[in-house]
$ cat final_36.pdb   # PDB, C-alpha atoms
ATOM      1  CA  MET Z 294      80.023 105.070 106.519
ATOM      2  CA  GLU Z 295      82.774 106.034 108.997
ATOM      3  CA  ARG Z 296      81.820 103.062 111.166
ATOM      4  CA  ARG Z 297      82.082 100.733 108.164
ATOM      5  CA  SER Z 298      85.566 102.076 107.374
ATOM      6  CA  GLU Z 299      86.592 101.391 110.963
ATOM      7  CA  ILE Z 300      85.279  97.805 110.687
ATOM      8  CA  LEU Z 301      87.049  97.241 107.361
ATOM      9  CA  ASN Z 302      90.303  98.669 108.715
ATOM     10  CA  TYR Z 303      90.166  96.348 111.735
ATOM     11  CA  ILE Z 304      89.495  93.295 109.553
ATOM     12  CA  THR Z 305      92.298  94.284 107.167
ATOM     13  CA  HIS Z 306      94.797  94.448 110.040
ATOM     14  CA  ARG Z 307      93.445  91.356 111.825
ATOM     15  CA  PRO Z 308      92.315  88.918 109.147
ATOM     16  CA  GLY Z 309      90.429  85.952 110.520
ATOM     17  CA  VAL Z 310      88.920  87.946 113.381
ATOM     18  CA  THR Z 311      85.793  86.306 114.760
ATOM     19  CA  PHE Z 312      82.453  88.090 114.756
ATOM     20  CA  ARG Z 313      82.314  88.289 118.562
ATOM     21  CA  GLU Z 314      85.931  89.429 118.831
ATOM     22  CA  LEU Z 315      85.230  92.191 116.280
ATOM     23  CA  ALA Z 316      82.086  93.337 118.099
ATOM     24  CA  ARG Z 317      83.947  93.421 121.427
ATOM     25  CA  ALA Z 318      87.026  95.207 120.051
ATOM     26  CA  LEU Z 319      85.015  97.945 118.349
ATOM     27  CA  GLY Z 320      82.306  98.212 121.003
ATOM     28  CA  LEU Z 321      79.541  97.502 118.505
ATOM     29  CA  GLY Z 322      76.148  95.955 119.057
ATOM     30  CA  ILE Z 323      75.472  92.624 117.334
ATOM     31  CA  GLY Z 324      72.750  93.995 115.040
ATOM     32  CA  ASP Z 325      74.803  97.037 114.073
ATOM     33  CA  LEU Z 326      77.828  94.888 113.226
ATOM     34  CA  GLN Z 327      75.729  92.369 111.289
ATOM     35  CA  TYR Z 328      74.302  95.170 109.158
ATOM     36  CA  HIS Z 329      77.695  96.679 108.323
ATOM     37  CA  LEU Z 330      79.260  93.279 107.593
ATOM     38  CA  ARG Z 331      76.387  92.410 105.238
ATOM     39  CA  VAL Z 332      77.002  95.639 103.325
ATOM     40  CA  LEU Z 333      80.774  95.033 103.230
ATOM     41  CA  GLU Z 334      80.217  91.449 101.997
ATOM     42  CA  ARG Z 335      77.784  92.636  99.306
ATOM     43  CA  GLU Z 336      80.363  95.192  98.179
ATOM     44  CA  GLY Z 337      82.964  92.405  98.014
ATOM     45  CA  LYS Z 338      85.248  94.060 100.574
ATOM     46  CA  VAL Z 339      85.130  91.202 103.082
ATOM     47  CA  PHE Z 340      84.182  87.519 103.184
ATOM     48  CA  SER Z 341      83.657  85.058 105.990
ATOM     49  CA  ARG Z 342      84.247  81.378 106.671
ATOM     50  CA  LYS Z 343      82.443  79.336 109.277
ATOM     51  CA  LEU Z 344      84.144  76.608 111.285
ATOM     52  CA  GLY Z 345      82.249  74.981 114.092
ATOM     53  CA  LYS Z 346      80.329  77.656 115.958
ATOM     54  CA  ARG Z 347      82.580  80.530 114.926
ATOM     55  CA  ARG Z 348      82.545  82.780 111.887
ATOM     56  CA  TYR Z 349      85.913  84.185 110.769
ATOM     57  CA  ILE Z 350      86.029  87.385 108.737
ATOM     58  CA  PHE Z 351      88.697  88.185 106.139
ATOM     59  CA  PRO Z 352      89.418  91.178 103.905
ATOM     60  CA  GLU Z 353      88.942  90.866 100.156
ATOM     61  CA  GLY Z 354      91.895  89.198  98.438
ATOM     62  CA  PHE Z 355      93.250  87.488 101.544
ATOM     63  CA  GLU Z 356      95.433  84.565 100.475
ATOM     64  CA  GLY Z 357      93.388  81.360 100.451
ATOM     65  CA  GLU Z 358      95.918  78.956 101.958
ATOM     66  CA  TYR Z 359      96.625  81.320 104.840
ATOM     67  CA  GLU Z 360      92.917  81.375 105.765
ATOM     68  CA  LYS Z 361      93.213  77.882 107.241
ATOM     69  CA  LEU Z 362      96.276  78.753 109.296
ATOM     70  CA  VAL Z 363      94.807  82.011 110.577
ATOM     71  CA  ILE Z 364      91.674  80.142 111.659
ATOM     72  CA  ALA Z 365      93.839  77.423 113.240
ATOM     73  CA  ILE Z 366      95.751  79.909 115.403
ATOM     74  CA  SER Z 367      92.670  81.908 116.373
ATOM     75  CA  THR Z 368      91.881  79.891 119.513
ATOM     76  CA  GLU Z 369      94.393  79.519 122.290
ATOM     77  CA  THR Z 370      94.132  75.743 122.645
ATOM     78  CA  ARG Z 371      94.604  75.068 118.922
ATOM     79  CA  ARG Z 372      97.466  77.566 118.831
ATOM     80  CA  ARG Z 373      99.144  75.863 121.799
ATOM     81  CA  ILE Z 374      98.737  72.469 120.108
ATOM     82  CA  LEU Z 375     100.301  73.778 116.886
ATOM     83  CA  LEU Z 376     103.201  75.329 118.806
ATOM     84  CA  LEU Z 377     103.753  71.980 120.525
ATOM     85  CA  LEU Z 378     103.662  70.098 117.201
ATOM     86  CA  MET Z 379     106.209  72.556 115.782
ATOM     87  CA  GLU Z 380     108.767  70.788 118.001
ATOM     88  CA  ARG Z 381     107.909  67.246 116.855
ATOM     89  CA  PRO Z 382     104.958  64.919 116.139
ATOM     90  CA  ARG Z 383     103.090  63.863 119.290
ATOM     91  CA  SER Z 384     100.355  61.511 120.437
ATOM     92  CA  GLN Z 385      97.061  62.687 121.869
ATOM     93  CA  SER Z 386      98.100  61.722 125.398
ATOM     94  CA  GLU Z 387     101.435  63.583 125.048
ATOM     95  CA  ILE Z 388      99.578  66.708 123.905
ATOM     96  CA  ALA Z 389      97.050  66.444 126.741
ATOM     97  CA  SER Z 390      99.800  65.973 129.319
ATOM     98  CA  ALA Z 391     102.010  68.781 127.986
ATOM     99  CA  LEU Z 392      99.135  71.283 127.860
ATOM    100  CA  GLY Z 393      97.335  70.146 131.004
ATOM    101  CA  ILE Z 394      94.036  69.525 129.201
ATOM    102  CA  SER Z 395      91.821  66.462 128.880
ATOM    103  CA  GLN Z 396      92.166  63.952 126.055
ATOM    104  CA  PRO Z 397      88.590  64.625 124.845
ATOM    105  CA  THR Z 398      89.497  68.323 124.548
ATOM    106  CA  VAL Z 399      92.598  67.407 122.542
ATOM    107  CA  SER Z 400      90.493  65.089 120.390
ATOM    108  CA  TYR Z 401      88.005  67.868 119.604
ATOM    109  CA  HIS Z 402      90.719  70.366 118.653
ATOM    110  CA  MET Z 403      92.623  67.795 116.605
ATOM    111  CA  TRP Z 404      89.411  67.055 114.698
ATOM    112  CA  GLU Z 405      89.055  70.803 113.980
ATOM    113  CA  LEU Z 406      92.719  71.077 112.922
ATOM    114  CA  LYS Z 407      92.429  68.005 110.684
ATOM    115  CA  LYS Z 408      89.284  69.472 109.103
ATOM    116  CA  LEU Z 409      91.315  72.604 108.300
ATOM    117  CA  GLY Z 410      94.082  70.423 106.843
ATOM    118  CA  THR Z 411      96.725  71.850 109.179
ATOM    119  CA  VAL Z 412      97.578  68.524 110.845
ATOM    120  CA  SER Z 413      97.512  64.869 109.892
ATOM    121  CA  ASP Z 414      97.490  61.717 111.947
ATOM    122  CA  ARG Z 415      98.886  58.216 111.688
ATOM    123  CA  ARG Z 416      98.429  55.112 113.786
ATOM    124  CA  GLU Z 417     101.362  53.711 115.714
ATOM    125  CA  GLY Z 418     100.088  50.608 117.455
ATOM    126  CA  LYS Z 419      97.303  51.692 119.809
ATOM    127  CA  LYS Z 420      98.049  55.395 119.696
ATOM    128  CA  VAL Z 421      97.512  58.095 117.097
ATOM    129  CA  VAL Z 422     100.410  60.437 116.383
ATOM    130  CA  TYR Z 423      99.729  63.935 115.039
ATOM    131  CA  SER Z 424     102.061  66.017 112.897
ATOM    132  CA  LEU Z 425     101.930  69.354 111.085
ATOM    133  CA  ASN Z 426     101.092  69.606 107.409
ATOM    134  CA  TYR Z 427     102.880  72.975 107.224
ATOM    135  CA  ASP Z 428     106.416  74.154 107.696
ATOM    136  CA  PRO Z 429     106.820  75.414 111.296
ATOM    137  CA  GLU Z 430     108.474  78.582 109.961
ATOM    138  CA  LEU Z 431     105.319  79.391 107.990
ATOM    139  CA  ILE Z 432     103.162  78.948 111.088
ATOM    140  CA  ALA Z 433     105.512  81.194 113.080
ATOM    141  CA  ARG Z 434     105.361  83.815 110.314
ATOM    142  CA  ILE Z 435     101.540  83.682 110.257
ATOM    143  CA  ILE Z 436     101.426  84.193 114.025
ATOM    144  CA  ARG Z 437     103.901  87.061 113.831
ATOM    145  CA  ASN Z 438     102.183  88.789 110.873
ATOM    146  CA  TYR Z 439      98.515  88.261 111.635
ATOM    147  CA  ARG Z 440      98.410  87.924 115.388
ATOM    148  CA  PRO Z 441     101.225  90.187 116.626
ATOM    149  CA  GLY Z 442      99.657  90.348 120.095
ATOM    150  CA  ILE Z 443     100.119  86.583 120.382
ATOM    151  CA  TRP Z 444     103.745  86.896 119.293
ATOM    152  CA  GLU Z 445     104.338  89.563 121.967
ATOM    153  CA  THR Z 446     102.699  87.362 124.619
ATOM    154  CA  LEU Z 447     104.919  84.420 123.625
ATOM    155  CA  ALA Z 448     108.007  86.644 123.772
ATOM    156  CA  ASP Z 449     106.962  87.958 127.210
ATOM    157  CA  ARG Z 450     106.500  84.385 128.484
ATOM    158  CA  LEU Z 451     109.931  83.408 127.182
ATOM    159  CA  ILE Z 452     111.527  86.429 128.876
ATOM    160  CA  ASP Z 453     109.717  85.611 132.143
ATOM    161  CA  MET Z 454     110.870  81.996 131.940
ATOM    162  CA  LEU Z 455     114.489  82.969 131.255
ATOM    163  CA  THR Z 456     114.403  85.537 134.052
ATOM    164  CA  SER Z 457     113.071  82.983 136.536
ATOM    165  CA  LEU Z 458     115.804  80.539 135.503
ATOM    166  CA  GLY Z 459     118.382  83.234 136.204
ATOM    167  CA  ASP Z 460     116.840  83.849 139.642
ATOM    168  CA  GLU Z 461     117.091  80.129 140.498
ATOM    169  CA  ASN Z 462     120.820  80.106 139.692
ATOM    170  CA  ASP Z 463     121.556  83.020 142.075
TER
END
$ encode --input "final_36.pdb" --output "structure tokens"
Amino acid sequence: MERRSEILNYITHRPGVTFRELARALGLGIGDLQYHLRVLEREGKVFSRKLGKRRYIFPEGFEGEYEKLVIAISTETRRRILLLLMERPRSQSEIASALGISQPTVSYHMWELKKLGTVSDRREGKKVVYSLNYDPELIARIIRNYRPGIWETLADRLIDMLTSLGDEND
């Protein structure tokens, strides 16, 4: 029972956590975690959504529209793509170039993001341009509220970048 409370508390504070991430963070075996999650789901305290190969776990009553955004920011590549699109709409090749990843990788993640409804695309001649379906401020708030570790990492990177710029001017 204490273990189940620990699991529920973690999910409540990190909605959209993946099964593997939860097992790793709490040091639980797969079978043990599966058992406790089944009980919590039966009791209506948690629910899960599957996207691709991953299962995302949410606490009871988590706001429906935010589910999609929390899932969208849960992987680093999709999060980086969304942060890039917060600046302006971009083509697949622009995204690949800016992030240093292959176009097929971008294509896969854009397909996942489109499936979630977080981005849309439009044709401009031979290229496809992607844009956000959400206000960038909402995405930033979701990152800050539900993935504070990510927010801290972004802030640390910004500080490092600004510090290195200051060093170059000396």
$ closest_residue --input "final_36.pdb" --among "Z:Val339, Z:Leu409, Z:Leu376, Z:Met294" --to "Z:Tyr359" --atoms "all atoms listed in the file"
Z:Leu409
$ residues_around --input "final_36.pdb" --residues "Z:Tyr303" --least-positions-apart "6" --cutoff "9 Å" --atoms "all atoms listed in the file" --output "short mmCIF file (atom, residue, chain, number, x, y, z; two decimals) with C-alpha atoms, in the coordinates of the input"
data_model
loop_
_atom_site.label_atom_id
_atom_site.label_comp_id
_atom_site.auth_asym_id
_atom_site.auth_seq_id
_atom_site.Cartn_x
_atom_site.Cartn_y
_atom_site.Cartn_z
CA VAL Z 310 88.92 87.95 113.38
CA LEU Z 315 85.23 92.19 116.28
CA ALA Z 318 87.03 95.21 120.05
CA LEU Z 319 85.02 97.94 118.35
#
$ resolve_selection --input "final_36.pdb" --expression "the PyMOL selection byres ((chain Z and resi 432) around 10)" --output "list in words"
Tyr359, Leu362, Val363, Ala365, Ile366, Arg372, Leu375, Leu376, Met379, Thr411, Leu425, Tyr427, Asp428, Pro429, Glu430, Leu431, Ala433, Arg434, Ile435, Ile436, Arg437 and Asn438 of chain Z
$ atom_distance --input "final_36.pdb" --atom1 "atom CA of Z:Gly322" --atom2 "atom CA of Z:Phe355"
25.9 Å
$ resolve_selection --input "final_36.pdb" --expression "the PyMOL selection byres ((chain Z and resi 373) around 12)" --output "PyMOL selection string"
chain Z and resi 365-372+374-380+388-389+391-394+399+402-403+406+432+436+443+447
$ resolve_selection --input "final_36.pdb" --expression "the PyMOL selection byres ((chain Z and resi 327-331) around 9)" --output "PyMOL selection string"
chain Z and resi 294+296-297+300-301+312+322-326+332-336+339-340
$ write_last_selection --input "final_36.pdb" --atoms "C-alpha atoms" --output "JSON list (two decimals), keeping the file's coordinate frame"
[["chain", "number", "residue", "atom", "x", "y", "z"],
["Z", 294, "MET", "CA", 80.02, 105.07, 106.52],
["Z", 296, "ARG", "CA", 81.82, 103.06, 111.17],
["Z", 297, "ARG", "CA", 82.08, 100.73, 108.16],
["Z", 300, "ILE", "CA", 85.28, 97.80, 110.69],
["Z", 301, "LEU", "CA", 87.05, 97.24, 107.36],
["Z", 312, "PHE", "CA", 82.45, 88.09, 114.76],
["Z", 322, "GLY", "CA", 76.15, 95.96, 119.06],
["Z", 323, "ILE", "CA", 75.47, 92.62, 117.33],
["Z", 324, "GLY", "CA", 72.75, 94.00, 115.04],
["Z", 325, "ASP", "CA", 74.80, 97.04, 114.07],
["Z", 326, "LEU", "CA", 77.83, 94.89, 113.23],
["Z", 332, "VAL", "CA", 77.00, 95.64, 103.32],
["Z", 333, "LEU", "CA", 80.77, 95.03, 103.23],
["Z", 334, "GLU", "CA", 80.22, 91.45, 102.00],
["Z", 335, "ARG", "CA", 77.78, 92.64, 99.31],
["Z", 336, "GLU", "CA", 80.36, 95.19, 98.18],
["Z", 339, "VAL", "CA", 85.13, 91.20, 103.08],
["Z", 340, "PHE", "CA", 84.18, 87.52, 103.18]]
$ atom_distance --input "final_36.pdb" --atom1 "atom CA of Z:Asn426" --atom2 "atom CA of Z:Val412"
5.0 Å
$ closest_residue --input "final_36.pdb" --among "Z:Gly320, Z:Ser384, Z:Thr305, Z:Arg313" --to "Z:Glu353" --atoms "all atoms listed in the file"
Z:Thr305
$ closest_residue --input "final_36.pdb" --among "Z:Pro352, Z:Asp414, Z:Lys420, Z:Ile364" --to "Z:Asn302" --atoms "all atoms listed in the file"
Z:Pro352
$ atom_distance --input "final_36.pdb" --atom1 "atom CA of Z:Thr456" --atom2 "atom CA of Z:Glu387"
27.0 Å
$ closest_residue --input "final_36.pdb" --among "Z:Tyr349, Z:Trp404, Z:Tyr423, Z:Tyr439" --to "Z:Ser386" --atoms "all atoms listed in the file"
Z:Tyr423
$ closest_residue --input "final_36.pdb" --among "Z:Gly345, Z:Glu358, Z:Arg381, Z:Ser395" --to "Z:Val422" --atoms "all atoms listed in the file"
Z:Arg381
